$ cat model-v3.txt   # compact mmCIF, C-alpha atoms and all ligand atoms
# COMPACT_ATOMS: atom_id res chain seq x y z
CA MET A 166 26.16 7.67 6.65
CA ILE A 167 23.05 6.94 8.69
CA LYS A 168 23.97 5.11 11.88
CA ILE A 169 21.31 3.38 13.94
CA GLN A 170 22.45 2.21 17.37
CA HIS A 171 20.58 0.08 19.90
CA LEU A 172 17.26 1.25 18.49
CA THR A 173 14.26 -0.06 20.39
CA TYR A 174 10.67 1.01 19.84
CA ARG A 175 7.65 0.02 21.86
CA TYR A 176 4.24 1.41 20.84
CA PRO A 177 2.46 3.12 23.74
CA GLY A 178 0.31 0.58 25.56
CA SER A 179 1.93 -2.39 23.81
CA ASP A 180 3.67 -5.03 25.91
CA SER A 181 6.07 -6.11 23.18
CA GLU A 182 8.70 -4.22 21.22
CA ALA A 183 8.20 -3.51 17.53
CA LEU A 184 11.98 -2.94 17.18
CA ARG A 185 14.54 -4.56 19.44
CA ASP A 186 18.13 -3.40 19.74
CA VAL A 187 18.53 -2.64 16.05
CA ASP A 188 22.06 -1.71 14.93
CA ILE A 189 22.54 -0.77 11.28
CA GLU A 190 24.94 1.40 9.31
CA LEU A 191 23.60 2.71 6.03
CA PRO A 192 26.54 3.79 3.92
CA PRO A 193 26.17 6.72 1.51
CA GLU A 194 26.24 6.23 -2.27
CA HIS A 195 24.19 3.09 -2.03
CA VAL A 196 20.61 2.07 -2.44
CA PHE A 197 19.71 0.34 0.80
CA ALA A 198 16.68 -1.95 1.16
CA ILE A 199 14.78 -2.63 4.37
CA LEU A 200 13.26 -6.08 3.93
CA GLY A 201 11.18 -8.41 6.06
CA GLN A 202 7.78 -10.03 6.30
CA SER A 203 4.66 -8.16 7.26
CA GLY A 204 4.83 -7.17 10.93
CA SER A 205 8.63 -7.40 11.12
CA GLY A 206 9.07 -3.69 11.93
CA LYS A 207 9.91 -2.12 8.56
CA THR A 208 7.42 0.75 8.78
CA THR A 209 8.28 1.35 12.42
CA LEU A 210 11.96 1.64 11.48
CA LEU A 211 11.15 4.00 8.61
CA ASN A 212 9.03 6.15 10.92
CA CYS A 213 11.84 6.32 13.50
CA ILE A 214 14.35 7.40 10.84
CA ALA A 215 11.85 9.98 9.53
CA ARG A 216 11.31 11.29 13.12
CA PHE A 217 7.58 10.46 13.06
CA LEU A 218 8.24 8.19 16.05
CA THR A 219 10.65 8.89 18.90
CA PRO A 220 12.74 5.83 19.79
CA THR A 221 12.11 4.26 23.20
CA GLU A 222 15.85 3.62 23.39
CA GLY A 223 18.83 4.13 21.12
CA THR A 224 20.05 6.77 18.71
CA ILE A 225 19.98 7.59 15.02
CA THR A 226 22.66 9.84 13.58
CA ILE A 227 23.01 11.26 10.08
CA ASP A 228 26.57 12.10 9.11
CA GLY A 229 27.49 12.24 12.79
CA THR A 230 24.63 14.38 14.09
CA ASP A 231 21.86 12.94 16.27
CA ILE A 232 18.61 13.50 14.32
CA SER A 233 16.77 14.37 17.56
CA SER A 234 19.03 17.41 17.98
CA MET A 235 18.42 18.83 14.47
CA ASP A 236 15.96 21.63 13.84
CA ARG A 237 13.23 21.02 11.29
CA LYS A 238 14.96 22.79 8.43
CA GLN A 239 18.30 21.05 9.00
CA PHE A 240 16.54 17.68 9.19
CA ARG A 241 14.55 18.25 6.00
CA SER A 242 17.69 19.15 4.09
CA CYS A 243 19.23 15.81 5.19
CA LEU A 244 16.33 13.49 4.64
CA GLY A 245 13.24 13.30 2.45
CA VAL A 246 10.37 10.81 2.63
CA VAL A 247 8.08 9.56 -0.15
CA PHE A 248 5.12 7.68 1.28
CA GLN A 249 3.26 4.81 -0.25
CA ASN A 250 0.22 6.96 -1.06
CA LEU A 251 2.53 9.65 -2.55
CA ASN A 252 0.39 12.60 -1.44
CA LEU A 253 0.55 14.46 -4.75
CA PHE A 254 -1.93 17.33 -4.60
CA PRO A 255 -4.70 16.42 -7.08
CA HIS A 256 -5.69 20.03 -7.78
CA LEU A 257 -2.16 21.01 -8.84
CA THR A 258 -0.30 20.05 -12.00
CA VAL A 259 2.96 18.14 -11.76
CA MET A 260 4.76 21.49 -11.99
CA GLY A 261 2.51 22.94 -9.30
CA ASN A 262 3.34 20.01 -7.03
CA MET A 263 7.05 20.40 -7.70
CA VAL A 264 7.33 24.09 -6.81
CA LEU A 265 5.21 24.09 -3.65
CA ALA A 266 7.88 23.12 -1.09
CA PRO A 267 10.71 25.17 -2.61
CA ILE A 268 8.47 28.26 -2.46
CA LYS A 269 6.87 27.59 0.95
CA ALA A 270 9.69 25.83 2.79
CA LEU A 271 12.79 27.34 1.20
CA GLY A 272 11.35 30.76 0.35
CA LYS A 273 12.35 30.61 -3.31
CA SER A 274 10.72 32.96 -5.82
CA PRO A 275 8.10 31.31 -8.07
CA ALA A 276 10.23 32.09 -11.14
CA ARG A 277 13.31 30.42 -9.66
CA ALA A 278 11.31 27.45 -8.36
CA ASN A 279 9.70 26.96 -11.79
CA GLN A 280 13.04 27.04 -13.51
CA GLU A 281 14.57 24.52 -11.07
CA ALA A 282 11.52 22.24 -11.26
CA GLY A 283 11.72 22.28 -15.08
CA ALA A 284 15.39 21.34 -14.90
CA MET A 285 14.67 18.53 -12.42
CA LEU A 286 11.89 17.05 -14.59
CA GLU A 287 14.21 17.26 -17.58
CA LYS A 288 17.02 15.55 -15.71
CA LEU A 289 14.71 12.75 -14.59
CA SER A 290 13.35 12.36 -18.15
CA ILE A 291 9.77 13.24 -17.22
CA ALA A 292 9.60 16.80 -18.59
CA GLU A 293 6.56 15.91 -20.72
CA LEU A 294 4.49 15.46 -17.55
CA ALA A 295 4.89 19.05 -16.31
CA ASP A 296 1.42 20.31 -17.22
CA ARG A 297 -0.56 17.18 -16.36
CA TYR A 298 -2.62 16.63 -13.25
CA PRO A 299 -1.98 13.58 -11.02
CA ALA A 300 -5.17 11.93 -12.34
CA GLN A 301 -3.72 12.14 -15.88
CA ILE A 302 -0.53 10.14 -15.23
CA SER A 303 0.16 6.45 -14.62
CA GLY A 304 1.16 4.86 -11.29
CA GLY A 305 4.78 4.53 -12.40
CA GLN A 306 4.87 8.15 -13.55
CA ALA A 307 3.29 9.32 -10.27
CA GLN A 308 5.97 7.46 -8.32
CA ARG A 309 8.68 9.26 -10.32
CA VAL A 310 6.98 12.63 -9.90
CA ALA A 311 6.74 12.12 -6.12
CA ILE A 312 10.47 11.37 -5.99
CA ALA A 313 11.26 14.32 -8.27
CA ARG A 314 9.22 16.55 -5.96
CA GLY A 315 11.14 15.27 -2.93
CA LEU A 316 14.47 15.86 -4.69
CA MET A 317 13.63 19.57 -5.10
CA LEU A 318 14.72 19.99 -1.47
CA GLN A 319 18.04 18.27 -2.34
CA PRO A 320 18.13 15.84 0.58
CA ARG A 321 21.20 13.64 0.89
CA TYR A 322 19.00 10.70 1.90
CA MET A 323 15.54 9.76 0.77
CA LEU A 324 13.24 7.14 2.29
CA LEU A 325 10.80 5.37 -0.03
CA ASP A 326 8.00 3.33 1.54
CA GLU A 327 6.92 0.38 -0.64
CA PRO A 328 7.54 2.33 -3.88
CA THR A 329 6.53 -0.54 -6.17
CA SER A 330 3.29 -1.53 -4.47
CA ALA A 331 1.20 0.03 -7.26
CA LEU A 332 3.48 -0.96 -10.15
CA ASP A 333 3.43 -3.97 -12.47
CA ALA A 334 6.58 -6.07 -13.03
CA ARG A 335 7.70 -4.27 -16.19
CA THR A 336 7.23 -0.79 -14.70
CA THR A 337 9.00 -1.98 -11.55
CA ALA A 338 12.06 -3.06 -13.56
CA ASP A 339 12.19 0.31 -15.36
CA PHE A 340 11.76 2.11 -12.05
CA ALA A 341 14.62 0.12 -10.47
CA LYS A 342 16.95 1.17 -13.30
CA TRP A 343 15.85 4.76 -13.01
CA LEU A 344 16.56 4.80 -9.26
CA ALA A 345 20.00 3.26 -9.72
CA GLU A 346 20.89 6.15 -12.03
CA LEU A 347 20.01 8.70 -9.36
CA GLN A 348 21.97 7.13 -6.54
CA GLN A 349 25.14 9.15 -6.99
CA GLU A 350 23.53 12.27 -5.65
CA THR A 351 20.93 10.89 -3.28
CA CYS A 352 21.13 7.81 -1.12
CA PHE A 353 17.84 5.94 -1.30
CA ILE A 354 16.55 3.79 1.53
CA ILE A 355 13.72 1.61 0.32
CA VAL A 356 11.23 -0.25 2.48
CA THR A 357 9.92 -3.12 0.41
CA HIS A 358 8.67 -6.67 0.54
CA ASP A 359 9.37 -7.02 -3.19
CA LEU A 360 12.55 -9.15 -3.37
CA PRO A 361 13.03 -9.04 -7.18
CA PHE A 362 12.81 -5.24 -7.01
CA ALA A 363 15.25 -5.13 -4.05
CA ARG A 364 17.74 -7.20 -6.06
CA GLN A 365 17.41 -4.86 -9.05
CA ALA A 366 17.44 -1.56 -7.22
CA ALA A 367 19.51 -2.00 -4.06
CA THR A 368 23.16 -2.71 -3.35
CA HIS A 369 22.84 -3.36 0.38
CA GLY A 370 20.05 -4.18 2.76
CA VAL A 371 18.80 -5.39 6.09
CA TYR A 372 16.34 -8.18 6.78
CA LEU A 373 14.15 -7.67 9.84
CA ASN A 374 12.41 -10.46 11.68
CA GLY A 375 10.26 -9.85 14.74
CA GLY A 376 11.75 -6.38 15.19
CA LYS A 377 15.32 -7.66 15.17
CA VAL A 378 18.03 -7.59 12.55
CA GLN A 379 18.24 -11.07 11.10
CA ALA A 380 20.76 -10.31 8.36
CA VAL A 381 22.52 -7.26 6.96
CA GLY A 382 24.94 -6.73 4.09
CA GLU A 383 25.20 -6.97 0.31
CA ILE A 384 21.79 -7.46 -1.19
CA GLU A 385 22.42 -10.57 -3.33
CA LYS A 386 24.14 -12.51 -0.55
CA MET A 387 21.59 -11.46 2.01
CA ILE A 388 18.56 -12.47 -0.05
CA ASP A 389 20.18 -15.80 -1.00
CA GLN A 390 20.97 -16.60 2.65
CA GLN A 391 17.50 -15.55 3.62
CA THR A 392 15.87 -17.73 0.99
CA GLU A 393 18.00 -20.73 2.02
CA ALA A 394 17.19 -20.19 5.70
CA THR A 395 13.45 -20.02 4.94
CA GLU A 396 13.62 -23.16 2.78
CA SER A 397 15.54 -25.16 5.40
CA ASN A 398 13.02 -24.06 8.06
CA GLU A 399 10.18 -25.26 5.89
CA ALA A 400 11.88 -28.58 5.07
P1 LIG A 501 5.91 -3.98 8.83
O1 LIG A 501 5.96 -2.60 8.27
O2 LIG A 501 7.18 -4.74 8.65
O3 LIG A 501 4.74 -4.75 8.34
P2 LIG A 501 5.30 -2.63 11.36
O4 LIG A 501 6.47 -1.77 11.63
O5 LIG A 501 4.09 -1.98 10.79
O6 LIG A 501 5.75 -3.88 10.43
O7 LIG A 501 4.86 -3.38 12.68
C1 LIG A 501 5.78 -3.99 13.58
C2 LIG A 501 5.03 -4.46 14.81
O8 LIG A 501 4.49 -3.36 15.54
C3 LIG A 501 3.86 -5.39 14.50
O9 LIG A 501 3.82 -6.38 15.51
C4 LIG A 501 2.67 -4.47 14.59
O10 LIG A 501 1.53 -5.18 15.00
C5 LIG A 501 3.08 -3.48 15.66
N1 LIG A 501 2.49 -2.15 15.43
C6 LIG A 501 2.55 -1.43 14.28
N2 LIG A 501 1.90 -0.26 14.42
C7 LIG A 501 1.41 -0.24 15.69
C8 LIG A 501 0.65 0.71 16.46
N3 LIG A 501 0.29 1.89 15.94
N4 LIG A 501 0.34 0.37 17.74
C9 LIG A 501 0.72 -0.81 18.27
N5 LIG A 501 1.44 -1.73 17.61
C10 LIG A 501 1.77 -1.47 16.33
MG MG A 502 4.77 -1.71 6.77
$ encode --input "model-v3.txt" --output "structure tokens" --more "lines below"
Ligand code: ADP
Ligand code: MG
Amino acid sequence: MIKIQHLTYRYPGSDSEALRDVDIELPPEHVFAILGQSGSGKTTLLNCIARFLTPTEGTITIDGTDISSMDRKQFRSCLGVVFQNLNLFPHLTVMGNMVLAPIKALGKSPARANQEAGAMLEKLSIAELADRYPAQISGGQAQRVAIARGLMLQPRYMLLDEPTSALDARTTADFAKWLAELQQETCFIIVTHDLPFARQAATHGVYLNGGKVQAVGEIEKMIDQQTEATESNEA
């Protein structure tokens, strides 16, 4: 469980808070969506959870441990991040991308890392991509490869920032199904403004507005309430 308590973040030099007293519990074994309009604080929240930003106030714990007290290795084994621009190395094949962190960060032998990467690609049904370079695969395939690469470190939680921004509707639907199949082992936390995708992929979510939690809970109910609230405001 990721527990966020009284989280406030103010960018240096800014006179307003990008996140204000945010309290959220992200249960394990769920796909959790962070929703909200542009400027509502989604990326700031993701960056606080990923430790790229240090909260101005409040705490974030993962399975009971404050993330600020974890060493780098402990933190990386808890939580992985896949960014919007994916950061696949263009000069390495899919396999080359997959084995880099296990060899460099975990000290695995190349033979062992290759074997594990092959098994991971197989498990995620993308084994045929192993020898291709990032320029030779589609956007949807690259998104899966980036997640597969992140899963090589076996994090319990994985943050995905706008994973469908480069995908068309059909690929997005396939991707949502694919993610749902992986959720038993890894808990995904998805930052997205794509409501149809959130409905397909997530079970729970939070809706941010002006840096505050506007709604939190089961995804269907939350999106329905949100849509009604927006429509009644506009009426
Ligand atoms: P979202 O991801 O939901 O679009 P952000 O987390 O990027 O929202 O932004 C939340 C608020 O913080 C916005 O008001 C934005 O202008 C502000 N903000 C974002 N990044 C910075 C920054 N580096 N410096 C100052 N203010 C920022
Ligand atoms: Mg953002």
$ residues_near_ligand --input "model-v3.txt" --ligand "ligand MG 502 (chain A)" --cutoff "9 Å" --atoms "all atoms listed in the file" --output "list of chain:residue names"
A:Gln202, A:Ser203, A:Gly204, A:Ser205, A:Gly206, A:Lys207, A:Thr208, A:Thr209, A:Leu211, A:Asp326, A:Glu327, A:Val356, A:Thr357, A:His358
$ atom_distance --input "model-v3.txt" --atom1 "CA of Tyr372 in chain A" --atom2 "atom C6 of ligand LIG 501 (chain A)"
17.1 Å
$ closest_residue --input "model-v3.txt" --among "A:Leu191, A:Ala266, A:Ala313, A:Val371" --to "Ala284 in chain A" --atoms "all atoms listed in the file"
A:Ala313
$ closest_residue --input "model-v3.txt" --among "A:Arg309, A:His171, A:His195, A:Lys377" --to "ligand LIG 501 (chain A)" --atoms "all atoms listed in the file"
A:Lys377
$ closest_residue --input "model-v3.txt" --among "A:Leu244, A:Leu344, A:Ala363, A:Ile355" --to "ligand LIG 501 (chain A)" --atoms "all atoms listed in the file"
A:Ile355
$ closest_residue --input "model-v3.txt" --among "A:Ala341, A:Met317, A:Ala276, A:Gly201" --to "Ala380 in chain A" --atoms "all atoms listed in the file"
A:Gly201
$ closest_residue --input "model-v3.txt" --among "A:Gln170, A:Thr219, A:Asn212, A:Gln308" --to "ligand LIG 501 (chain A)" --atoms "all atoms listed in the file"
A:Asn212
$ residues_around --input "model-v3.txt" --residues "Gly376 in chain A" --least-positions-apart "2" --cutoff "7 Å" --atoms "all atoms listed in the file" --output "CSV table (one decimal) with C-alpha atoms, in the coordinates of the input"
chain,number,residue,atom,x,y,z
A,183,ALA,CA,8.2,-3.5,17.5
A,184,LEU,CA,12.0,-2.9,17.2
A,185,ARG,CA,14.5,-4.6,19.4
A,205,SER,CA,8.6,-7.4,11.1
A,206,GLY,CA,9.1,-3.7,11.9
A,373,LEU,CA,14.2,-7.7,9.8
A,374,ASN,CA,12.4,-10.5,11.7
A,378,VAL,CA,18.0,-7.6,12.6
$ atom_distance --input "model-v3.txt" --atom1 "atom P2 of ligand LIG 501 (chain A)" --atom2 "CA of Leu210 in chain A"
7.9 Å
$ atom_distance --input "model-v3.txt" --atom1 "CA of Leu265 in chain A" --atom2 "CA of Ala198 in chain A"
28.9 Å
$ closest_residue --input "model-v3.txt" --among "A:Ala394, A:Ala295, A:Leu200, A:Met387" --to "ligand LIG 501 (chain A)" --atoms "only C-alpha atoms and all ligand atoms"
A:Leu200
$ residues_around --input "model-v3.txt" --residues "range 245-258 of chain A" --least-positions-apart "6" --cutoff "8 Å" --atoms "all atoms listed in the file" --output "list in words"
Ala215, Ala295, Asp296, Arg297, Tyr298, Pro299, Ala300, Ala307, Gln308, Ala311, Ile312, Gly315, Leu316, Leu318, Pro320, Tyr322, Met323, Leu324, Leu325, Asp326, Glu327, Pro328 and Ser330 of chain A
$ residues_around --input "model-v3.txt" --residues "Ile227 in chain A" --least-positions-apart "3" --cutoff "9 Å" --atoms "only C-alpha atoms" --output "ChimeraX atom specification"
/A:166-169,230-232,243-244
$ residues_near_point --input "model-v3.txt" --point "(28.6, 2.4, -7.9)" --cutoff "12 Å" --atoms "all atoms listed in the file" --output "MDAnalysis selection string"
chainID A and resid 193:196 345:350 352 366:369
$ axis_aligned_box --input "model-v3.txt" --around "ligand LIG 501 (chain A)" --padding-each-side "3 Å" --output "lines of an AutoDock Vina configuration file"
center_x = 3.7
center_y = -2.2
center_z = 13.3
size_x = 12.9
size_y = 14.3
size_z = 16.0
